[in-house]
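Undergrad: Pasting my_file20.cif below, which is mmCIF, C-alpha atoms and all ligand atoms.
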data_coords
#
loop_
_atom_site.label_atom_id
_atom_site.label_comp_id
_atom_site.auth_asym_id
_atom_site.auth_seq_id
_atom_site.Cartn_x
_atom_site.Cartn_y
_atom_site.Cartn_z
CA MET A 104 -15.86 -7.91 16.59
CA SER A 105 -16.83 -8.37 12.96
CA SER A 106 -16.97 -11.96 11.86
CA LYS A 107 -15.41 -13.17 8.60
CA PRO A 108 -17.79 -14.45 5.88
CA SER A 109 -18.48 -18.11 6.58
CA ASN A 110 -19.43 -19.07 3.02
CA PRO A 111 -16.17 -20.15 1.33
CA ALA A 112 -17.56 -19.00 -2.02
CA HIS A 113 -17.29 -15.44 -0.70
CA LEU A 114 -13.62 -15.72 0.08
CA PRO A 115 -11.37 -13.86 -2.33
CA ALA A 116 -9.49 -16.11 -4.74
CA PRO A 117 -5.87 -16.86 -3.84
CA THR A 118 -3.52 -14.55 -5.76
CA ALA A 119 -1.57 -16.16 -8.61
CA HIS A 120 2.05 -15.48 -7.70
CA PRO A 121 4.76 -16.72 -10.07
CA LEU A 122 5.70 -20.31 -9.37
CA PRO A 123 9.01 -20.94 -7.59
CA SER A 124 11.75 -21.94 -10.06
CA TYR A 125 11.62 -25.67 -9.29
CA LEU A 126 7.89 -25.74 -10.08
CA ASN A 127 8.11 -23.62 -13.21
CA ALA A 128 6.06 -24.39 -16.31
CA ASP A 129 9.22 -24.11 -18.42
CA HIS A 130 10.30 -27.19 -16.59
CA VAL A 131 10.75 -29.91 -19.13
CA GLY A 132 10.06 -33.46 -18.06
CA PRO A 133 7.19 -34.99 -16.12
CA TRP A 134 6.32 -32.01 -13.93
CA GLY A 135 6.12 -29.76 -17.00
CA ILE A 136 3.79 -32.31 -18.59
CA PHE A 137 1.56 -32.31 -15.51
CA LEU A 138 1.35 -28.50 -15.62
CA GLN A 139 0.28 -28.66 -19.28
CA GLN A 140 -2.41 -31.16 -18.33
CA VAL A 141 -3.67 -28.79 -15.62
CA ASP A 142 -3.82 -25.95 -18.19
CA ARG A 143 -6.00 -28.14 -20.38
CA VAL A 144 -8.50 -28.83 -17.59
CA GLU A 145 -8.72 -25.30 -16.20
CA PRO A 146 -11.41 -24.04 -18.65
CA TYR A 147 -13.74 -26.79 -17.44
CA LEU A 148 -13.45 -26.14 -13.71
CA GLY A 149 -16.06 -23.38 -13.47
CA ASN A 150 -15.86 -21.44 -10.18
CA LEU A 151 -13.43 -23.96 -8.77
CA ALA A 152 -10.79 -22.66 -11.22
CA ARG A 153 -10.06 -20.00 -8.59
CA TRP A 154 -8.28 -22.72 -6.61
CA VAL A 155 -6.32 -24.16 -9.52
CA GLU A 156 -3.00 -22.81 -8.21
CA THR A 157 -3.29 -25.45 -5.48
CA LEU A 158 -2.67 -28.14 -8.08
CA LYS A 159 0.46 -26.43 -9.37
CA ARG A 160 2.20 -26.43 -6.00
CA PRO A 161 2.88 -29.66 -4.13
CA LYS A 162 1.92 -29.32 -0.48
CA ARG A 163 5.16 -30.75 0.89
CA ILE A 164 8.48 -31.85 -0.62
CA LEU A 165 11.05 -33.78 1.39
CA ILE A 166 14.52 -34.56 0.00
CA VAL A 167 16.59 -36.88 2.16
CA ASP A 168 20.13 -38.18 2.18
CA VAL A 169 20.22 -41.96 2.52
CA PRO A 170 23.68 -43.13 3.63
CA ILE A 171 24.33 -46.86 4.07
CA HIS A 172 27.24 -49.23 4.60
CA LEU A 173 27.87 -51.26 1.45
CA ASP A 174 28.92 -54.88 1.85
CA ASP A 175 32.60 -53.95 1.19
CA GLY A 176 32.57 -51.64 4.24
CA SER A 177 32.45 -48.37 2.30
CA VAL A 178 29.65 -45.83 2.70
CA ALA A 179 27.33 -44.89 -0.17
CA HIS A 180 24.89 -41.97 -0.24
CA PHE A 181 21.61 -42.10 -2.13
CA GLU A 182 19.15 -39.32 -2.89
CA GLY A 183 15.63 -39.99 -1.57
CA TYR A 184 12.37 -38.11 -2.02
CA ARG A 185 8.84 -38.05 -0.67
CA VAL A 186 6.43 -35.53 -2.14
CA GLN A 187 2.90 -34.97 -0.83
CA HIS A 188 1.17 -33.19 -3.67
CA ASN A 189 -2.23 -32.69 -2.06
CA THR A 190 -3.99 -33.88 1.07
CA SER A 191 -7.33 -32.07 0.74
CA ARG A 192 -9.30 -35.32 0.36
CA GLY A 193 -7.38 -37.41 2.90
CA PRO A 194 -3.89 -38.69 3.73
CA GLY A 195 -1.22 -38.73 1.04
CA LYS A 196 -1.10 -42.01 -0.89
CA GLY A 197 1.22 -43.32 -3.54
CA GLY A 198 4.10 -45.64 -4.26
CA VAL A 199 7.85 -45.55 -3.80
CA ARG A 200 10.12 -46.32 -6.75
CA PHE A 201 13.77 -47.28 -6.82
CA HIS A 202 15.27 -46.29 -10.18
CA GLN A 203 18.47 -44.71 -11.44
CA ASP A 204 16.49 -42.00 -13.30
CA VAL A 205 14.39 -40.81 -10.33
CA THR A 206 14.42 -37.00 -10.09
CA LEU A 207 12.51 -34.44 -8.07
CA SER A 208 10.55 -33.43 -11.20
CA GLU A 209 9.51 -37.02 -11.76
CA VAL A 210 8.44 -37.61 -8.15
CA MET A 211 6.49 -34.33 -8.10
CA ALA A 212 4.61 -35.32 -11.26
CA LEU A 213 3.97 -38.84 -10.01
CA SER A 214 2.62 -37.45 -6.72
CA ALA A 215 0.29 -35.11 -8.63
CA TRP A 216 -0.94 -37.93 -10.85
CA MET A 217 -1.72 -39.85 -7.64
CA SER A 218 -3.91 -36.93 -6.44
CA VAL A 219 -5.81 -37.06 -9.74
CA LYS A 220 -6.00 -40.87 -9.82
CA ASN A 221 -7.23 -41.19 -6.23
CA ALA A 222 -9.90 -38.57 -6.82
CA ALA A 223 -10.89 -40.16 -10.16
CA VAL A 224 -11.77 -43.45 -8.47
CA ASN A 225 -13.01 -41.54 -5.41
CA VAL A 226 -10.87 -43.21 -2.76
CA PRO A 227 -10.46 -40.90 0.27
CA TYR A 228 -6.83 -39.98 -0.30
CA GLY A 229 -4.70 -37.14 -1.46
CA GLY A 230 -1.68 -37.84 -3.65
CA ALA A 231 1.94 -38.57 -2.76
CA LYS A 232 4.94 -40.38 -4.19
CA GLY A 233 8.45 -41.27 -3.17
CA GLY A 234 11.60 -42.57 -4.71
CA ILE A 235 15.30 -43.22 -4.42
CA ARG A 236 17.70 -42.47 -7.25
CA VAL A 237 19.40 -45.86 -7.42
CA ASP A 238 19.64 -48.87 -9.70
CA PRO A 239 18.56 -51.53 -7.19
CA LYS A 240 20.04 -54.29 -9.38
CA THR A 241 23.49 -53.09 -8.30
CA LEU A 242 22.72 -53.73 -4.60
CA SER A 243 22.92 -56.95 -2.61
CA ARG A 244 19.83 -57.96 -0.64
CA GLY A 245 21.43 -56.67 2.56
CA GLU A 246 22.29 -53.32 0.95
CA LEU A 247 18.76 -53.03 -0.43
CA GLU A 248 17.30 -53.68 3.03
CA ARG A 249 19.60 -51.15 4.73
CA MET A 250 18.80 -48.52 2.09
CA THR A 251 15.05 -49.13 2.40
CA ARG A 252 15.17 -48.93 6.19
CA ARG A 253 17.26 -45.75 6.30
CA TYR A 254 15.02 -44.10 3.70
CA THR A 255 11.91 -45.07 5.71
CA SER A 256 13.44 -43.65 8.87
CA GLU A 257 14.28 -40.39 7.08
CA ILE A 258 10.77 -39.92 5.66
CA GLY A 259 9.26 -41.25 8.91
CA ILE A 260 8.51 -37.69 10.04
CA ILE A 261 5.88 -37.25 7.34
CA ILE A 262 4.42 -40.75 6.74
CA GLY A 263 1.94 -42.67 8.90
CA PRO A 264 -1.34 -44.59 8.58
CA ASN A 265 -3.29 -41.32 8.83
CA LYS A 266 -0.71 -39.06 7.19
CA ASP A 267 0.79 -40.60 4.08
CA ILE A 268 0.80 -44.26 3.09
CA PRO A 269 3.51 -45.54 0.68
CA ALA A 270 3.08 -48.61 -1.56
CA PRO A 271 5.06 -50.48 -4.22
CA ASP A 272 5.93 -48.90 -7.57
CA VAL A 273 8.73 -49.48 -10.11
CA ASN A 274 11.32 -51.91 -8.63
CA THR A 275 9.70 -52.11 -5.19
CA ASN A 276 7.64 -55.03 -3.93
CA ASP A 277 5.98 -56.66 -0.92
CA GLN A 278 9.31 -57.45 0.78
CA ILE A 279 10.34 -53.81 0.60
CA MET A 280 6.96 -52.83 2.06
CA ALA A 281 7.55 -55.33 4.90
CA TRP A 282 10.90 -53.64 5.70
CA MET A 283 9.27 -50.20 5.54
CA MET A 284 6.44 -51.29 7.83
CA ASP A 285 8.88 -52.84 10.27
CA THR A 286 11.17 -49.80 10.34
CA TYR A 287 8.30 -47.38 10.92
CA SER A 288 6.87 -49.67 13.61
CA MET A 289 10.24 -50.06 15.38
CA ASN A 290 10.71 -46.29 15.43
CA GLN A 291 7.30 -45.65 16.94
CA GLY A 292 7.30 -48.63 19.33
CA SER A 293 4.27 -50.54 18.08
CA THR A 294 3.26 -52.43 14.96
CA ALA A 295 1.50 -50.19 12.45
CA THR A 296 0.49 -52.37 9.51
CA GLY A 297 -1.52 -49.54 7.94
CA VAL A 298 1.53 -47.36 7.27
CA VAL A 299 2.15 -48.99 3.88
CA THR A 300 0.08 -51.06 1.47
CA GLY A 301 1.19 -53.78 -0.91
CA LYS A 302 2.57 -55.77 2.04
CA PRO A 303 2.90 -59.56 2.12
CA VAL A 304 -0.50 -61.18 2.74
CA ASP A 305 0.84 -62.72 5.97
CA LEU A 306 1.66 -59.26 7.29
CA GLY A 307 -1.61 -57.38 6.81
CA GLY A 308 -1.44 -57.34 3.02
CA SER A 309 -4.51 -57.86 0.88
CA LEU A 310 -5.32 -60.75 -1.38
CA GLY A 311 -5.44 -59.55 -4.97
CA ARG A 312 -3.20 -56.50 -4.41
CA ARG A 313 -0.27 -57.75 -6.50
CA GLU A 314 -2.49 -58.34 -9.52
CA ALA A 315 -4.75 -55.31 -8.92
CA THR A 316 -3.15 -52.79 -11.29
CA GLY A 317 -3.08 -55.28 -14.19
CA ARG A 318 -6.63 -56.38 -13.41
CA GLY A 319 -7.75 -52.74 -13.47
CA VAL A 320 -6.00 -52.21 -16.83
CA PHE A 321 -7.86 -55.22 -18.21
CA THR A 322 -11.19 -54.09 -16.71
CA VAL A 323 -11.15 -50.60 -18.24
CA GLY A 324 -9.86 -52.08 -21.51
CA VAL A 325 -12.85 -54.39 -21.72
CA GLU A 326 -15.25 -51.54 -20.85
CA ALA A 327 -13.77 -49.23 -23.47
CA ALA A 328 -13.77 -52.01 -26.08
CA LYS A 329 -17.55 -52.33 -25.62
CA HIS A 330 -17.95 -48.62 -26.32
CA ILE A 331 -15.96 -48.73 -29.56
CA GLY A 332 -17.29 -52.09 -30.74
CA MET A 333 -14.01 -53.97 -30.41
CA ASP A 334 -14.14 -57.72 -29.76
CA VAL A 335 -11.48 -58.33 -27.08
CA SER A 336 -11.43 -62.07 -27.77
CA LYS A 337 -10.13 -61.32 -31.28
CA ALA A 338 -7.84 -58.44 -30.39
CA ARG A 339 -4.07 -58.37 -30.90
CA VAL A 340 -2.25 -56.90 -27.90
CA ALA A 341 1.23 -55.37 -27.58
CA VAL A 342 2.65 -54.79 -24.10
CA GLN A 343 5.64 -52.73 -22.97
CA GLY A 344 6.87 -53.90 -19.56
CA PHE A 345 5.99 -57.42 -18.45
CA GLY A 346 6.12 -57.09 -14.67
CA ASN A 347 3.39 -56.58 -12.12
CA VAL A 348 1.26 -54.46 -14.42
CA GLY A 349 1.97 -55.52 -18.01
CA GLY A 350 2.46 -59.19 -17.16
CA VAL A 351 -0.86 -59.48 -15.32
CA ALA A 352 -2.77 -57.43 -17.91
CA GLY A 353 -1.24 -59.55 -20.72
CA LYS A 354 -2.26 -62.73 -18.92
CA LEU A 355 -5.86 -61.55 -18.43
CA PHE A 356 -6.19 -60.43 -22.06
CA ALA A 357 -4.79 -63.79 -23.23
CA GLU A 358 -7.26 -65.63 -20.97
CA ALA A 359 -10.05 -63.59 -22.58
CA GLY A 360 -8.97 -64.95 -25.97
CA ALA A 361 -6.82 -62.06 -27.17
CA ARG A 362 -3.46 -62.68 -28.86
CA VAL A 363 -0.50 -61.04 -27.13
CA VAL A 364 1.64 -60.50 -30.24
CA ALA A 365 4.49 -58.31 -28.96
CA VAL A 366 6.20 -57.68 -25.66
CA GLN A 367 9.04 -55.29 -24.92
CA ASP A 368 11.05 -54.83 -21.75
CA HIS A 369 14.62 -53.91 -20.78
CA GLY A 370 15.76 -57.26 -22.21
CA GLY A 371 14.50 -56.50 -25.74
CA THR A 372 11.44 -56.82 -27.98
CA ILE A 373 9.79 -60.07 -29.01
CA TYR A 374 7.03 -60.69 -31.53
CA ARG A 375 4.86 -63.60 -32.65
CA GLU A 376 1.99 -62.95 -35.03
CA ALA A 377 0.08 -66.06 -33.91
CA GLY A 378 0.34 -64.89 -30.29
CA LEU A 379 3.01 -65.50 -27.65
CA ASP A 380 2.58 -68.28 -25.11
CA VAL A 381 1.86 -65.92 -22.19
CA PRO A 382 2.09 -68.41 -19.27
CA ALA A 383 5.45 -69.64 -20.65
CA LEU A 384 6.63 -66.05 -21.09
CA LEU A 385 5.66 -65.20 -17.51
CA ARG A 386 7.67 -68.18 -16.26
CA HIS A 387 10.62 -67.09 -18.42
CA VAL A 388 10.52 -63.54 -17.02
CA ALA A 389 10.26 -64.85 -13.44
CA GLU A 390 13.36 -66.98 -14.04
CA HIS A 391 15.52 -64.68 -16.19
CA GLY A 392 14.34 -61.21 -15.18
CA SER A 393 13.30 -60.13 -18.69
CA VAL A 394 11.78 -61.34 -21.98
CA GLY A 395 15.27 -61.53 -23.53
CA GLY A 396 16.14 -65.05 -24.74
CA PHE A 397 12.53 -66.27 -24.92
CA LYS A 398 12.15 -69.02 -27.52
CA ASP A 399 9.23 -69.27 -29.98
CA ALA A 400 9.34 -65.58 -30.86
CA GLU A 401 10.99 -63.28 -33.35
CA VAL A 402 13.34 -60.65 -31.96
CA LEU A 403 12.57 -57.11 -33.17
CA ALA A 404 14.67 -53.95 -32.98
CA ASN A 405 13.33 -51.99 -29.99
CA ASP A 406 12.02 -49.08 -32.05
CA LYS A 407 9.94 -51.47 -34.22
CA PHE A 408 7.79 -52.25 -31.17
CA TRP A 409 5.79 -49.06 -31.78
CA GLU A 410 4.67 -50.07 -35.26
CA VAL A 411 3.67 -53.71 -34.74
CA PRO A 412 0.22 -54.46 -36.12
CA CYS A 413 -2.06 -54.62 -33.06
CA ASP A 414 -5.43 -53.45 -31.75
CA ILE A 415 -4.50 -52.70 -28.14
CA LEU A 416 -1.21 -51.22 -26.98
CA ILE A 417 -0.38 -51.28 -23.27
CA PRO A 418 2.60 -49.16 -22.21
CA ALA A 419 3.26 -50.55 -18.72
CA ALA A 420 6.82 -49.46 -18.00
CA LEU A 421 8.05 -45.89 -17.50
CA GLU A 422 6.94 -42.39 -18.47
CA GLN A 423 7.51 -40.51 -21.75
CA GLN A 424 7.59 -43.60 -23.99
CA ILE A 425 4.98 -42.49 -26.56
CA THR A 426 6.32 -39.27 -28.00
CA LYS A 427 5.91 -37.19 -31.15
CA THR A 428 8.55 -39.38 -32.83
CA ASN A 429 6.62 -42.68 -32.56
CA ALA A 430 2.95 -41.63 -32.05
CA GLY A 431 2.42 -41.36 -35.81
CA ARG A 432 3.51 -44.97 -36.35
CA ILE A 433 1.33 -46.66 -33.73
CA GLN A 434 -1.18 -49.03 -35.33
CA ALA A 435 -3.35 -49.79 -32.29
CA LYS A 436 -6.94 -48.57 -32.05
CA MET A 437 -6.73 -48.28 -28.28
CA ILE A 438 -3.89 -47.51 -25.84
CA ILE A 439 -4.27 -48.46 -22.19
CA GLU A 440 -1.75 -46.66 -20.00
CA GLY A 441 -0.61 -49.17 -17.41
CA ALA A 442 2.43 -46.99 -16.64
CA ASN A 443 2.24 -43.52 -15.16
CA GLY A 444 2.83 -40.74 -17.69
CA PRO A 445 3.81 -42.87 -20.72
CA THR A 446 2.40 -40.39 -23.29
CA THR A 447 3.68 -36.84 -23.81
CA PRO A 448 1.10 -34.07 -24.51
CA GLU A 449 2.32 -33.71 -28.15
CA ALA A 450 1.88 -37.44 -28.65
CA ASP A 451 -1.57 -37.23 -27.03
CA ASP A 452 -2.59 -34.70 -29.69
CA ILE A 453 -1.23 -36.85 -32.54
CA LEU A 454 -3.10 -39.91 -31.21
CA HIS A 455 -6.29 -37.86 -30.82
CA GLU A 456 -6.05 -36.65 -34.45
CA ARG A 457 -5.45 -40.21 -35.59
CA ASN A 458 -8.58 -41.33 -33.72
CA ILE A 459 -6.68 -43.67 -31.43
CA LEU A 460 -8.45 -43.97 -28.10
CA VAL A 461 -6.17 -43.38 -25.10
CA LEU A 462 -7.28 -44.73 -21.71
CA PRO A 463 -5.17 -42.48 -19.49
CA ASP A 464 -3.00 -43.65 -16.60
CA VAL A 465 -5.02 -41.68 -14.06
CA ILE A 466 -7.92 -44.07 -14.55
CA ALA A 467 -6.41 -47.07 -16.38
CA ASN A 468 -3.85 -47.97 -13.70
CA ALA A 469 -5.95 -46.95 -10.68
CA GLY A 470 -6.66 -50.59 -9.80
CA GLY A 471 -3.50 -50.79 -7.69
CA VAL A 472 -4.34 -47.92 -5.40
CA THR A 473 -7.97 -49.04 -5.24
CA VAL A 474 -6.94 -52.36 -3.71
CA SER A 475 -4.38 -50.48 -1.59
CA TYR A 476 -7.38 -48.64 -0.17
CA PHE A 477 -9.09 -51.99 0.52
CA GLU A 478 -5.89 -53.19 2.22
CA TRP A 479 -5.72 -50.09 4.43
CA VAL A 480 -9.38 -50.48 5.42
CA GLN A 481 -8.79 -54.17 6.22
CA ASP A 482 -5.73 -53.27 8.34
CA PHE A 483 -7.73 -50.76 10.39
CA SER A 484 -10.53 -53.23 11.03
CA SER A 485 -8.22 -56.28 11.30
CA PHE A 486 -10.81 -58.13 9.28
CA PHE A 487 -9.72 -59.58 5.97
CA TRP A 488 -11.84 -60.21 2.89
CA ASP A 489 -11.55 -63.10 0.47
CA GLU A 490 -10.09 -62.62 -2.98
CA ASP A 491 -13.40 -62.88 -4.84
CA GLU A 492 -14.82 -60.05 -2.79
CA ILE A 493 -11.78 -57.88 -3.43
CA ASN A 494 -11.81 -58.54 -7.17
CA ALA A 495 -15.55 -57.93 -7.42
CA ARG A 496 -15.26 -54.62 -5.52
CA LEU A 497 -12.28 -53.62 -7.67
CA VAL A 498 -14.14 -54.28 -10.90
CA LYS A 499 -17.14 -52.28 -9.67
CA VAL A 500 -15.02 -49.27 -8.67
CA MET A 501 -13.16 -49.28 -11.99
CA ARG A 502 -16.28 -49.73 -14.13
CA ASP A 503 -18.26 -47.04 -12.32
CA ALA A 504 -15.39 -44.57 -12.49
CA PHE A 505 -14.76 -45.32 -16.16
CA THR A 506 -18.43 -44.98 -17.10
CA ALA A 507 -18.67 -41.57 -15.43
CA ILE A 508 -15.50 -40.39 -17.19
CA TRP A 509 -16.69 -41.68 -20.56
CA GLN A 510 -19.85 -39.62 -20.10
CA VAL A 511 -17.90 -36.44 -19.25
CA SER A 512 -15.66 -37.02 -22.26
CA ASN A 513 -18.74 -37.22 -24.52
CA ASP A 514 -20.49 -34.26 -22.88
CA HIS A 515 -17.53 -31.91 -23.27
CA LYS A 516 -16.06 -33.49 -26.43
CA VAL A 517 -12.69 -33.85 -24.72
CA SER A 518 -10.18 -36.68 -24.47
CA LEU A 519 -10.58 -39.25 -21.71
CA ARG A 520 -7.49 -37.75 -20.06
CA THR A 521 -9.02 -34.29 -19.86
CA ALA A 522 -12.33 -35.85 -18.78
CA THR A 523 -10.59 -37.71 -15.95
CA PHE A 524 -8.82 -34.51 -14.92
CA ILE A 525 -12.18 -32.66 -14.95
CA VAL A 526 -13.83 -35.22 -12.64
CA ALA A 527 -10.82 -35.52 -10.35
CA CYS A 528 -9.73 -31.88 -10.14
CA LYS A 529 -13.29 -30.77 -9.37
CA ARG A 530 -13.38 -33.25 -6.49
CA ILE A 531 -10.01 -32.09 -5.17
CA LEU A 532 -10.75 -28.38 -5.47
CA HIS A 533 -14.24 -28.78 -4.03
CA THR A 534 -12.75 -30.20 -0.81
CA ARG A 535 -10.12 -27.46 -0.92
CA GLU A 536 -12.91 -24.89 -0.94
CA LEU A 537 -14.97 -26.66 1.74
CA ARG A 538 -11.99 -26.85 4.07
CA GLY A 539 -10.91 -23.26 3.44
CA LEU A 540 -7.50 -21.87 4.21
CA TYR A 541 -5.81 -22.28 7.57
CA PRO A 542 -5.41 -20.00 9.52
N1 LIG A 601 2.35 -47.21 -7.36
C1 LIG A 601 0.97 -47.44 -7.70
C2 LIG A 601 0.45 -46.31 -8.56
O1 LIG A 601 1.19 -45.61 -9.21
C3 LIG A 601 0.11 -47.74 -6.49
C4 LIG A 601 0.06 -46.70 -5.43
C5 LIG A 601 -0.62 -47.15 -4.15
O2 LIG A 601 -1.14 -48.25 -4.08
O3 LIG A 601 -0.61 -46.35 -3.22
O4 LIG A 601 -0.73 -46.13 -8.69
#
Since I need it in another form, could you write the structure as structure tokens?

TA:
Amino acid sequence: MSSKPSNPAHLPAPTAHPLPSYLNADHVGPWGIFLQQVDRVEPYLGNLARWVETLKRPKRILIVDVPIHLDDGSVAHFEGYRVQHNTSRGPGKGGVRFHQDVTLSEVMALSAWMSVKNAAVNVPYGGAKGGIRVDPKTLSRGELERMTRRYTSEIGIIIGPNKDIPAPDVNTNDQIMAWMMDTYSMNQGSTATGVVTGKPVDLGGSLGRREATGRGVFTVGVEAAKHIGMDVSKARVAVQGFGNVGGVAGKLFAEAGARVVAVQDHGGTIYREAGLDVPALLRHVAEHGSVGGFKDAEVLANDKFWEVPCDILIPAALEQQITKTNAGRIQAKMIIEGANGPTTPEADDILHERNILVLPDVIANAGGVTVSYFEWVQDFSSFFWDEDEINARLVKVMRDAFTAIWQVSNDHKVSLRTATFIVACKRILHTRELRGLYP
């Protein structure tokens, strides 16, 4: 019996069949943006480009119906998703968001960005993401819990500590992770803390996880500032979104001496040239749910946020915020993407031409999943580290990853986004090739 060639390099390349309609490049929205980003990286992939189709097709897409009893006794149905984009490097990993604008296209793109992000910081995960199309502010606490539990049960067939590990994202938090962990554990008959990350510290969560994404944003910002000769202690910072990511990043920049001059969230846009009182603003947001109504600040029209005089702009809310209509007005020298997908490809080009440095999401906000990885490792070993150790390890991972990407960006004369995609996609496709196709 003749044996098949064992060297994967000798295997014929997979044939490029047209993409199914729901994956099509004509797709506008986040998935279409991801496909454009893949096109930009393809010329730099060398022989691994033969596997590039892998990136354009999520491995597994699950759409679930989530019916629950509302408090008034009626039944409501919500649309839930879990997409595993790629698992070549390890289990799927990525957050779950609850938002009224969640769509399949968005969750697919977010799952793909997780594959890239996890490979960029070299944590041993593939990429996944989930979401429910719902405005959680319209639900009572009981309704929120029932929806979370039913959703977890429905996606329970594809998640697990070694399969796919959800985490918090937009409008989800440690309490929601506790309900997800409990539901999964109840269904399987034993406690599995490692099935989600971002849990409460008393339930197998990690110290430093809540602040990790913002800390990572700050860390890469400081590294990049060194490269372009910017003094962070004198910088003016504008932040969109003042929650887990933007709020923490704003606080760390303010502690480093920077002036946080403008903040925008769903409650409006506030500005103070001399710098906002960040600790007071954080207390205000914790109490009132948004920056709206904060004293000691001017109120700006929302669109004016994009043109405030500043050195560092941190979009830390949702995707597609920096577009061709506002990219030309941005005054910052550096943009740090705390959010996933905040800049459209057209805007990326405008910013590049205008010599504005963009630190892309796939590296800038990787601090969250990096500490998620630490949490997962701690859960497996049931041995927990102190916060200093976690923060020190986080800073090292982020700095090392950023330095390598900066080098690739210089070597190939490409943007940091394309450089991050080069590093990450090569890692993903290399494991794809090593593993080969089954059967
Ligand atoms: N939702 C976060 C992100 O977009 C964290 C994901 C995780 O920790 O798995 O990176």

Undergrad: May I have a table of the residues of range 371-470 of chain A lying at most 9 Å from range 222-236 of chain A, giving each one's closest pair of atoms and their distance in Å to one decimal, counting only C-alpha atoms, ordered by chain and ascending residue number, as a tab-separated table?

TA:
residue	atom	partner	partner_atom	distance
A:Val465	CA	A:Ala223	CA	7.2
A:Ile466	CA	A:Ala223	CA	6.6
A:Ala469	CA	A:Val224	CA	7.1
A:Gly470	CA	A:Val224	CA	8.9

Undergrad: Could you please extract the residues within 9 Å of ligand LIG 601 (chain A), counting all atoms listed in the file, and hand them back as an NGL selection string?

TA: :A and (195-200 or 213-214 or 216-217 or 220-221 or 230-232 or 268-273 or 299-301 or 312 or 316 or 442-443 or 464-465 or 468-476)

Undergrad: Go through A:Leu532, A:Leu403, A:Ile373, A:His455 one by one, measure the shortest atom-to-atom distance of each to Lys516 in chain A using all atoms listed in the file, and give the residue with the smallest value.

TA: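 Residue with the minimum atom-to-atom distance to Lys516 in chain A: A:His455.
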
Undergrad: Would you compute the distance between CA of Lys302 in chain A and CA of Ile279 in chain A? Give it in Å to one decimal.

TA: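 For CA of Lys302 in chain A relative to CA of Ile279 in chain A, the distance reads 8.1 Å.
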
Undergrad: Go through A:Thr372, A:Ser177, A:Thr255, A:Thr523 one by one, measure the shortest atom-to-atom distance of each to Met289 in chain A using all atoms listed in the file, and give the residue with the smallest value.

TA: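 Comparing A:Thr372, A:Ser177, A:Thr255, A:Thr523 against Met289 in chain A, the winner is A:Thr255.
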
Undergrad: Could you please determine the separation between CA of Asn150 in chain A and CA of Trp509 in chain A in Å, to one decimal place?

TA: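 We find that CA of Asn150 in chain A and CA of Trp509 in chain A lie 22.8 Å from each other.
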
Undergrad: In terms of the shortest atom-to-atom distance over only C-alpha atoms, which of A:His172, A:Lys329, A:Arg538, A:Lys162 is closest to Ile261 in chain A?

TA: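 Closest residue, counting only C-alpha atoms: A:Lys162.
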
Undergrad: If you count only C-alpha atoms, which residues fall within 9 Å of range 358-364 of chain A, apart from same-chain ones fewer than 2 positions away, as number ranges by chain?

TA: A: 334-342, 353-356, 366, 373-381, 411-413

Undergrad: Give me a file of those residues, with C-alpha atoms, as a compact mmCIF listing (two decimals), in the frame of the given file.

TA:
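As a result, result_25.txt now contains:
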# COMPACT_ATOMS: atom_id res chain seq x y z
CA ASP A 334 -14.14 -57.72 -29.76
CA VAL A 335 -11.48 -58.33 -27.08
CA SER A 336 -11.43 -62.07 -27.77
CA LYS A 337 -10.13 -61.32 -31.28
CA ALA A 338 -7.84 -58.44 -30.39
CA ARG A 339 -4.07 -58.37 -30.90
CA VAL A 340 -2.25 -56.90 -27.90
CA ALA A 341 1.23 -55.37 -27.58
CA VAL A 342 2.65 -54.79 -24.10
CA GLY A 353 -1.24 -59.55 -20.72
CA LYS A 354 -2.26 -62.73 -18.92
CA LEU A 355 -5.86 -61.55 -18.43
CA PHE A 356 -6.19 -60.43 -22.06
CA VAL A 366 6.20 -57.68 -25.66
CA ILE A 373 9.79 -60.07 -29.01
CA TYR A 374 7.03 -60.69 -31.53
CA ARG A 375 4.86 -63.60 -32.65
CA GLU A 376 1.99 -62.95 -35.03
CA ALA A 377 0.08 -66.06 -33.91
CA GLY A 378 0.34 -64.89 -30.29
CA LEU A 379 3.01 -65.50 -27.65
CA ASP A 380 2.58 -68.28 -25.11
CA VAL A 381 1.86 -65.92 -22.19
CA VAL A 411 3.67 -53.71 -34.74
CA PRO A 412 0.22 -54.46 -36.12
CA CYS A 413 -2.06 -54.62 -33.06

Undergrad: Taking into account all atoms listed in the file, which residue in the set A:Ser518, A:Gln423, A:Ser309, A:Ser288 is nearest to Glu478 in chain A?

TA: A:Ser309

Undergrad: For Val348 in chain A, which of A:Ile439, A:Val178, A:Ile331, A:Cys528 is the closest residue, counting all atoms listed in the file?

TA: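 Result for the nearest residue to Val348 in chain A: A:Ile439.
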
Undergrad: I'd like the contact shell of Ile260 in chain A - 12 Å cut-off, only C-alpha atoms, skipping same-chain residues fewer than 3 positions apart - returned as a ChimeraX atom specification.

TA: /A:163,165,167,185,254-257,263,266-267,287,290-291

Undergrad: Store the residues picked out above, limited to C-alpha atoms, as a short mmCIF file (atom, residue, chain, number, x, y, z; two decimals), in the coordinates of the input.

TA:
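To be explicit, this is the file written out as again02.cif:
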data_model
loop_
_atom_site.label_atom_id
_atom_site.label_comp_id
_atom_site.auth_asym_id
_atom_site.auth_seq_id
_atom_site.Cartn_x
_atom_site.Cartn_y
_atom_site.Cartn_z
CA ARG A 163 5.16 -30.75 0.89
CA LEU A 165 11.05 -33.78 1.39
CA VAL A 167 16.59 -36.88 2.16
CA ARG A 185 8.84 -38.05 -0.67
CA TYR A 254 15.02 -44.10 3.70
CA THR A 255 11.91 -45.07 5.71
CA SER A 256 13.44 -43.65 8.87
CA GLU A 257 14.28 -40.39 7.08
CA GLY A 263 1.94 -42.67 8.90
CA LYS A 266 -0.71 -39.06 7.19
CA ASP A 267 0.79 -40.60 4.08
CA TYR A 287 8.30 -47.38 10.92
CA ASN A 290 10.71 -46.29 15.43
CA GLN A 291 7.30 -45.65 16.94
#
